[in-house]
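Novice: Questions regarding the structure given below will be posed in turn.
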Amino acid sequence: MNQLIETTLLLEIDGEQVEVPQGETVLKAARALDIEIPVLCHDDRVEPAGCCRMCLVEIEGQRRLQPACTFKASAGMKVRTDTERVARHRRGLLSLYKADHRLDESGTPVSRGVHDMLADHIATYGTGPELEPVNAPRVSREHDTNPYIQFDPDACVVCGLCVRYCDEVEAVSAITLLGRGASTTIGTADQRNLLDTSCELCGGCIAVCPTGAMTEKPSLEQPTEQIIRSTCNFCGVGCQLDLHVAEVPVTIGATGGGSSTGANLPVGTKKKITRVTSPEPGTTVNDGNLCIKGRFSYEFIHHDERLKEPLIRGADGQLHPASWEQAITRVAEGLHGVKQRHGADALGFVSSSRCTGEENYLMQKLSRAAFGTNNCHQCAAT
Amino acid sequence: MFGAGAMTNSIPEIREADLLFVIGSNTTEAHPIIAMEMKRAVGRGAKLIVADPRKIWLSEIADYHMQLQPGTDVALLNAMIHVIISENLYDAEFIAKHTEDFDTVREATLTTTPEWAEQITNVPADMIRETARAYATTRKAGIYYTLGITEHTHGTDNVYCLANLVLMTGHLGIRSAGMNPLRGQNNVQGANDAGASPIFYPGYQRVDDPKSQAKFEQAWGVELSPEDGMNLNVMMKAMAKGMVKGMYVMGEDILLSEPNASNIEQGLNNIEFLVVQDIFLNETSRFADVVLPAACFAEKDGVFTNSDRRVQRVRKAVDAPGQARADWEILCDVARASGYPMPHYANAGEVYAEMAGLVDQFGGISHERIDRDGGLQWPCPDPEHPGTVTLHADGPIKGKAPFQATFYRPSEELPDNEYPFLLSTGRTLYHYNAATQTRRSSGALARQPENFIEMHRKDAKKRGFADGQMVRVSSRRGAILARVNVSPRMRLGCVWMPLHFGESNINYLTNDAGDPITGTAEYKVCAVRVEALEEASAAE
């Protein structure tokens, strides 16, 4: 009864009819038809800005090409994305971007970021005339000591998506467009260290940057050989994570002891988590977003101080390494001893809301079925 | 009151809400990604009401910030209920159709006027009136709360009050409304769902219900105890009194995380046998007889269930270090060594299948299905069922939901001359609980390397404390050191400390008085004294 009746309209893109809700943009209408329109500065989580000009299309009755991300669809509209005029525009624009971007030996834009859209678009749509490199006088914050995020001005196309994400989604407004004209850059107020701003180190700027100008710091820069989808192990939101895994060199400094002064001698390789990213926006509960803990707090996984072998306390009062068999036997005997002397309800089983559902199931089963007590709980309130 | 402890609604619905009532939740720090959804709703024009003793990030963008005195939630909420009843803003049709005992609440709140509540809470009466009106008259109005509501000796009453508000306004069973506890840990929901509870088998089946008992005895092939077990709070006290003699602790640093740490330390000293199973040595393992090395989340398979009842996969990406093994494998070995014939599960999926076979709500969930379709929200009773986004969507409850009258009573330990400050504790954005993980992260260390105590500038000035000065904070139970953080977030007379720092463990200060029903301890209110270091040593 209360159902809102959504008004829809019909338009035509590249000769195909599509019905979309009133107020939808041309870009979204094209996506409904699986027609690819390239973008750089667009992300569904922020208001469209139409500033990168990558998504310009031909619209009947419009003298100029129009940005599909901001232009609203209207009834009977005829849009073309596949004309020579649009293709020529894309090539020309990509030439301009390329001239203002660091290239590798083969002349491909360099990106170490999450996305490499500029190189992808050049591969798909090609470029126009080779232009002289533009050495735009953009600056970065060389002195910034934050441990995670760095900005590489030579890879930036100043689309401002990171700034809009920081404003509109994370809503902390830590970064901003600074300067004018060709020297416009991504900076902070007074070019302060990110740690001295409202930045919460969520790394969203890295995740949205289309050209890899916002990246993890080089200390975190690692290859990816495999991606495993998992669930974050911190708070209860249940963000989905893509764990990037690679075989990386292990050095003595990283495996043995805490000594940091010794030389890091390579002693082989090990499969490690090298980076954490979010699945695509719109696909999981976190909608492409992560916080500092989800994105960056994975150093503990490969930390030196991880427990690596069972330990049993000896007569000397110290913990000593033991085999699994010895340790498990000791646990069973110890718990049984208490049960025999004092009854099952003198035992307590503390399960964990950090562990998996299966593990919690097994802990309460151990408590109830193997030892006969309901004294089983977990840190639900802490 | 109308179902299990879980969000009635889903996280993606938050952005469509027209009103958000956030109480006892510092969402931007404790649940940053849910906070992003809230920010988005506010950006769209939703009204935001925040009730929190501190000025928090969300209160900056809120339409109303009710900066109440800690521990006075019942007074505040009953006053809101009073306004809704006296101004006839309740949903009489919903109440008649789906609830009972409304009159008990009507009677209990006859005299809880906003003016009365202002005396107790310090929230202006007019603001209570306006927020009550706004909440009652907005249909897509959701309540979001967390441990600021539950970690009190009247935590259950706080929850009852919120449920009363939801029921009397009929804000249930519709999108973007409802009652939404944001769960603290990755798998609080899943741990409770799986029966890691002294009173419930998996799926909230009571241990003292003979039918459930018979079902699990049949499934597990042994006799089971019909006696309720001890909750963690009671277990810790029983240990200190010498009634609990053996403990098996998996994945929690109880000495750092449970209240009144001196008492726990005493218990751990007396205990005959202690097993600690974890990924790092911690404070508790100092007392352990056996320490078992466990795999972390990236090294094993299984499921976590998030705040909105979404069962999602955890997948093994890398090998555990050294000989460390997955907790589930260790538990199976311990059970077998103890003489119980735990089945030889080939993988975690088989463990899940056993549980799903014993719980109707999870019957349609399996590892295979999640791998194929992504996370599934319970109830999901059969393999064709799509899962449940919004609870209570077709008529709220099985039967009728009872209202529960509540009466304001002060927190257990309030400030006095000797201990003049009211201390609340909580989590920060950068760290996580016992911080065994985040204190090994460079970003968290750059932001918050050590413990601090937030304090109003006038309180600091009165005692001559400079920002950053090291002070001694003491309660009737213990004392620790921390740096003063003069903070515009605090109320006069109130201080706040994070819970993440082992060497400066705030749980030497906190009170282990528990809620009479849940046993959840009063982490949010205890009385402390703050002294400059010289002053403190001179007094000793």
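The chains in the structure tokens are called A, B, ... from first to last as shown; in each chain the residues are counted from 1, and the ligands are counted from 1 in the order shown.
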Find the residues around range 351-368 of chain B up to 7 Å (only C-alpha atoms counted), leave out those fewer than 4 positions away in its own chain, and share them as an mmCIF file with N, CA and C atoms, in the first residue's frame.

Specialist:
```cif
data_model
loop_
_atom_site.group_PDB
_atom_site.id
_atom_site.type_symbol
_atom_site.label_atom_id
_atom_site.label_comp_id
_atom_site.auth_asym_id
_atom_site.auth_seq_id
_atom_site.Cartn_x
_atom_site.Cartn_y
_atom_site.Cartn_z
ATOM 1 N N GLU A 358 32.936 -22.447 14.294
ATOM 2 C CA GLU A 358 33.202 -23.868 14.470
ATOM 3 C C GLU A 358 33.987 -24.096 15.757
ATOM 4 N N PRO B 202 23.990 -24.555 21.235
ATOM 5 C CA PRO B 202 23.982 -23.808 19.978
ATOM 6 C C PRO B 202 22.559 -23.400 19.577
ATOM 7 N N GLY B 203 22.436 -22.198 18.996
ATOM 8 C CA GLY B 203 21.137 -21.734 18.507
ATOM 9 C C GLY B 203 20.177 -21.351 19.617
ATOM 10 N N TYR B 345 36.756 -34.771 12.060
ATOM 11 C CA TYR B 345 36.306 -33.856 11.009
ATOM 12 C C TYR B 345 37.433 -33.654 10.008
ATOM 13 N N ARG B 372 29.773 -20.293 -2.574
ATOM 14 C CA ARG B 372 29.119 -20.048 -3.862
ATOM 15 C C ARG B 372 28.432 -18.678 -3.885
ATOM 16 N N TRP B 378 21.291 -15.377 9.062
ATOM 17 C CA TRP B 378 20.288 -16.240 9.672
ATOM 18 C C TRP B 378 19.132 -15.405 10.200
ATOM 19 N N PRO B 379 17.923 -15.913 10.368
ATOM 20 C CA PRO B 379 17.523 -17.300 10.140
ATOM 21 C C PRO B 379 17.560 -17.698 8.655
ATOM 22 N N CYS B 380 18.050 -18.909 8.428
ATOM 23 C CA CYS B 380 18.133 -19.466 7.088
ATOM 24 C C CYS B 380 17.903 -20.973 7.242
ATOM 25 N N PRO B 381 16.635 -21.364 7.328
ATOM 26 C CA PRO B 381 16.328 -22.727 7.761
ATOM 27 C C PRO B 381 16.582 -23.836 6.743
ATOM 28 N N ASP B 382 16.606 -23.529 5.469
ATOM 29 C CA ASP B 382 16.835 -24.620 4.513
ATOM 30 C C ASP B 382 17.659 -24.125 3.333
ATOM 31 N N PRO B 383 18.223 -25.050 2.576
ATOM 32 C CA PRO B 383 19.161 -24.665 1.514
ATOM 33 C C PRO B 383 18.564 -23.787 0.414
ATOM 34 N N HIS B 385 16.388 -21.325 1.231
ATOM 35 C CA HIS B 385 16.043 -20.054 1.895
ATOM 36 C C HIS B 385 17.120 -19.004 1.607
#
```

Novice: Quick one: residues within 10 Å of range 312-315 of chain A, only C-alpha atoms counted, chain neighbours fewer than 6 positions away excluded, as a count of residues only?

Specialist: 15

Novice: One decimal, Å: what's the distance from CA of Ile301 in chain A over to CA of Leu445 in chain B, could you say?

Specialist: 16.4 Å

Novice: Might you pull out every residue within 8 Å of range 437-439 of chain B, with only C-alpha atoms counted and same-chain residues fewer than 2 positions away left off, and present them as a ChimeraX atom specification?

Specialist: /A:293,297-300 /B:430-432,435,441-442,444-445,449

Novice: Pick the closest to chain A from B:Ala51, B:Val83, B:Ala136, B:Ala446: which is it, counting only C-alpha atoms?

Specialist: B:Ala446

Novice: Report, in Å to a single decimal, how far apart CA of Pro386 in chain B and CA of Asp373 in chain B are.

Specialist: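 Rounded to one decimal, the two atoms are 9.8 Å apart.
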
Novice: Which residue gives the smallest distance to chain B among A:Val208, A:Val250, A:Leu118, A:Ala171, with only C-alpha atoms counted?

Specialist: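 So, comparing all the options, the nearest one is A:Ala171.
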
Novice: Using CA of Glu522 in chain B and CA of Ser25 in chain B as the two end points, give the distance in Å to one decimal.

Specialist: 15.4 Å

Novice: Measuring atom to atom with only C-alpha atoms, identify which of A:Gln364, A:Asn135, A:Asn233, A:Ser198 is nearest to Lys98 in chain A.

Specialist: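 Closest to Lys98 in chain A of all the choices is A:Asn135.
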
Novice: Using only C-alpha atoms, find the one residue out of B:Glu118, B:Leu110, B:Ile143, B:Ala96 that sits nearest to Met168 in chain B.

Specialist: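 Using only C-alpha atoms, the shortest distance to Met168 in chain B belongs to B:Ala96.
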
Novice: Identify which of the residues B:Arg206, B:Arg447, B:His500, B:Arg472 lies closest to chain A, counting only C-alpha atoms when measuring atom-to-atom distances.

Specialist: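 Nearest to chain A: B:Arg447.
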
Novice: Show which residues sit within 9 Å of Gly267 in chain B, as a PyMOL selection string. Count only C-alpha atoms, and ignore same-chain residues fewer than 6 positions away.

Specialist: chain B and resi 236-242+244-245

Novice: Write out, as an mmCIF file, in the first residue's frame, the residues just selected, with N, CA and C atoms.

Specialist:
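Final file, out.cif:
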```cif
data_model
loop_
_atom_site.group_PDB
_atom_site.id
_atom_site.type_symbol
_atom_site.label_atom_id
_atom_site.label_comp_id
_atom_site.auth_asym_id
_atom_site.auth_seq_id
_atom_site.Cartn_x
_atom_site.Cartn_y
_atom_site.Cartn_z
ATOM 1 N N MET B 236 35.004 -15.727 37.011
ATOM 2 C CA MET B 236 36.206 -15.036 37.480
ATOM 3 C C MET B 236 36.171 -14.864 38.991
ATOM 4 N N LYS B 237 34.992 -14.527 39.510
ATOM 5 C CA LYS B 237 34.872 -14.352 40.961
ATOM 6 C C LYS B 237 35.006 -15.694 41.666
ATOM 7 N N ALA B 238 34.434 -16.750 41.040
ATOM 8 C CA ALA B 238 34.518 -18.088 41.636
ATOM 9 C C ALA B 238 35.969 -18.557 41.667
ATOM 10 N N MET B 239 36.728 -18.170 40.666
ATOM 11 C CA MET B 239 38.133 -18.554 40.618
ATOM 12 C C MET B 239 38.885 -17.888 41.778
ATOM 13 N N ALA B 240 38.600 -16.606 41.996
ATOM 14 C CA ALA B 240 39.277 -15.885 43.075
ATOM 15 C C ALA B 240 38.910 -16.483 44.432
ATOM 16 N N LYS B 241 37.680 -17.000 44.543
ATOM 17 C CA LYS B 241 37.232 -17.594 45.815
ATOM 18 C C LYS B 241 37.660 -19.045 45.941
ATOM 19 N N GLY B 242 38.319 -19.575 44.895
ATOM 20 C CA GLY B 242 38.797 -20.948 44.985
ATOM 21 C C GLY B 242 37.761 -21.986 44.605
ATOM 22 N N VAL B 244 36.511 -22.291 41.351
ATOM 23 C CA VAL B 244 36.923 -22.802 40.042
ATOM 24 C C VAL B 244 38.415 -23.106 40.133
ATOM 25 N N LYS B 245 38.790 -24.352 39.816
ATOM 26 C CA LYS B 245 40.165 -24.799 40.058
ATOM 27 C C LYS B 245 40.938 -25.063 38.780
#
```

Novice: Just the alpha helix (DSSP H) stuff from range 19-241 of chain A, please, per backbone DSSP, written as number ranges by chain.

Specialist: A: 26-32, 84-99, 117-125, 161-168, 204-208

Novice: Restricting the output to C-alpha atoms, write the selected residues as an mmCIF file, in the first residue's frame.

Specialist:
```cif
data_model
loop_
_atom_site.group_PDB
_atom_site.id
_atom_site.type_symbol
_atom_site.label_atom_id
_atom_site.label_comp_id
_atom_site.auth_asym_id
_atom_site.auth_seq_id
_atom_site.Cartn_x
_atom_site.Cartn_y
_atom_site.Cartn_z
ATOM 1 C CA VAL A 26 23.633 8.341 -18.538
ATOM 2 C CA LEU A 27 26.575 6.394 -17.084
ATOM 3 C CA LYS A 28 24.312 4.188 -14.976
ATOM 4 C CA ALA A 29 21.923 3.703 -17.882
ATOM 5 C CA ALA A 30 24.824 2.561 -20.041
ATOM 6 C CA ARG A 31 25.957 0.160 -17.332
ATOM 7 C CA ALA A 32 22.468 -1.332 -17.293
ATOM 8 C CA GLU A 84 34.550 8.304 -34.096
ATOM 9 C CA ARG A 85 34.079 11.660 -32.400
ATOM 10 C CA VAL A 86 33.939 10.035 -28.958
ATOM 11 C CA ALA A 87 36.878 7.743 -29.798
ATOM 12 C CA ARG A 88 38.955 10.721 -30.995
ATOM 13 C CA HIS A 89 38.156 12.596 -27.801
ATOM 14 C CA ARG A 90 39.288 9.632 -25.669
ATOM 15 C CA ARG A 91 42.566 9.269 -27.572
ATOM 16 C CA GLY A 92 43.308 12.980 -27.326
ATOM 17 C CA LEU A 93 42.521 13.113 -23.640
ATOM 18 C CA LEU A 94 44.642 10.042 -22.914
ATOM 19 C CA SER A 95 47.543 11.655 -24.789
ATOM 20 C CA LEU A 96 47.257 14.656 -22.503
ATOM 21 C CA TYR A 97 47.165 12.524 -19.378
ATOM 22 C CA LYS A 98 50.068 10.447 -20.602
ATOM 23 C CA ALA A 99 52.202 13.522 -21.220
ATOM 24 C CA MET A 117 43.084 2.652 -14.986
ATOM 25 C CA LEU A 118 45.138 5.047 -17.049
ATOM 26 C CA ALA A 119 47.248 2.240 -18.493
ATOM 27 C CA ASP A 120 44.111 0.120 -18.952
ATOM 28 C CA HIS A 121 42.314 2.883 -20.853
ATOM 29 C CA ILE A 122 45.341 3.544 -23.059
ATOM 30 C CA ALA A 123 45.514 -0.152 -23.860
ATOM 31 C CA THR A 124 41.812 -0.242 -24.703
ATOM 32 C CA TYR A 125 41.248 3.094 -26.452
ATOM 33 C CA LEU A 161 38.505 11.379 -6.239
ATOM 34 C CA CYS A 162 40.623 10.741 -3.128
ATOM 35 C CA VAL A 163 39.686 14.163 -1.760
ATOM 36 C CA ARG A 164 35.991 13.595 -2.429
ATOM 37 C CA TYR A 165 36.134 10.154 -0.793
ATOM 38 C CA CYS A 166 37.870 11.658 2.231
ATOM 39 C CA ASP A 167 35.154 14.354 2.418
ATOM 40 C CA GLU A 168 32.036 12.436 1.550
ATOM 41 C CA GLY A 204 40.437 4.911 1.319
ATOM 42 C CA CYS A 205 42.444 7.344 -0.813
ATOM 43 C CA ILE A 206 44.657 4.448 -1.856
ATOM 44 C CA ALA A 207 41.670 2.264 -2.633
ATOM 45 C CA VAL A 208 39.933 4.791 -4.884
#
```

Novice: Could you give me, as a list in words, the residues within 9 Å of Cys209 in chain A, counting only C-alpha atoms and dropping anything in the same chain fewer than 4 positions from it?

Specialist: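 Answer for this query is Leu40, Cys41, Gly113, Val114, His115, Asp116, Cys156, Cys159, Gly160, Leu161, Cys162, Gly204, Cys205, Ala213, Met214 and Thr215 of chain A.
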
Novice: Could you write those residues out with N, CA and C atoms, as a compact mmCIF listing (two decimals), in the first residue's frame?

Specialist:
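Okay, this is what ended up in again_13.txt:
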```txt
# COMPACT_ATOMS: atom_id res chain seq x y z
N LEU A 40 37.66 7.87 -14.85
CA LEU A 40 38.78 7.94 -13.92
C LEU A 40 38.30 8.46 -12.56
N CYS A 41 37.54 9.55 -12.58
CA CYS A 41 37.22 10.23 -11.32
C CYS A 41 35.89 9.77 -10.72
N GLY A 113 49.59 1.19 -7.75
CA GLY A 113 48.42 1.31 -6.89
C GLY A 113 47.47 0.14 -7.01
N VAL A 114 46.30 0.32 -6.41
CA VAL A 114 45.27 -0.70 -6.47
C VAL A 114 44.73 -0.79 -7.89
N HIS A 115 44.55 0.39 -8.51
CA HIS A 115 44.06 0.42 -9.88
C HIS A 115 45.14 0.95 -10.80
N ASP A 116 44.97 0.62 -12.05
CA ASP A 116 45.91 1.08 -13.05
C ASP A 116 45.09 1.53 -14.25
N CYS A 156 49.75 11.29 -10.54
CA CYS A 156 48.43 11.85 -10.22
C CYS A 156 47.83 12.53 -11.45
N CYS A 159 42.36 14.13 -10.39
CA CYS A 159 40.92 13.97 -10.57
C CYS A 159 40.17 14.28 -9.28
N GLY A 160 40.92 14.27 -8.15
CA GLY A 160 40.30 14.67 -6.88
C GLY A 160 39.39 13.61 -6.26
N LEU A 161 39.38 12.41 -6.80
CA LEU A 161 38.50 11.38 -6.24
C LEU A 161 38.87 11.06 -4.79
N CYS A 162 40.19 11.04 -4.51
CA CYS A 162 40.62 10.74 -3.13
C CYS A 162 40.11 11.80 -2.17
N GLY A 204 41.45 4.83 2.38
CA GLY A 204 40.44 4.91 1.32
C GLY A 204 40.97 5.63 0.09
N CYS A 205 41.86 6.61 0.31
CA CYS A 205 42.44 7.34 -0.81
C CYS A 205 43.25 6.41 -1.71
N ALA A 213 48.48 6.96 -7.72
CA ALA A 213 49.27 8.05 -7.14
C ALA A 213 49.24 7.98 -5.62
N MET A 214 48.14 7.49 -5.09
CA MET A 214 48.05 7.24 -3.65
C MET A 214 48.36 5.76 -3.46
N THR A 215 49.40 5.47 -2.71
CA THR A 215 49.79 4.07 -2.52
C THR A 215 50.21 3.83 -1.09
```

Novice: Env of Cys332 in chain B: 8 Å cut, atoms = only C-alpha atoms, seq-sep filter 2 positions within chain, self excluded. Answer as a PyMOL selection string.

Specialist: (chain A and resi 362) or (chain B and resi 328-330+334-336+342-344)

Novice: From a DSSP pass on the backbone, collect the residues of range 338-374 of chain A flagged as strand (DSSP E) and hand them back as a list in words.

Specialist: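 Assigned to strand (DSSP E), within range 338-374 of chain A: Leu347, Gly348, Phe349, Val350 and Ser351 of chain A.
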
Novice: Measuring atom to atom with only C-alpha atoms, identify which of A:Cys55, A:Ala155, A:Ile328, A:Met77 is nearest to Val39 in chain A.

Specialist: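 Using only C-alpha atoms, the shortest distance to Val39 in chain A belongs to A:Cys55.
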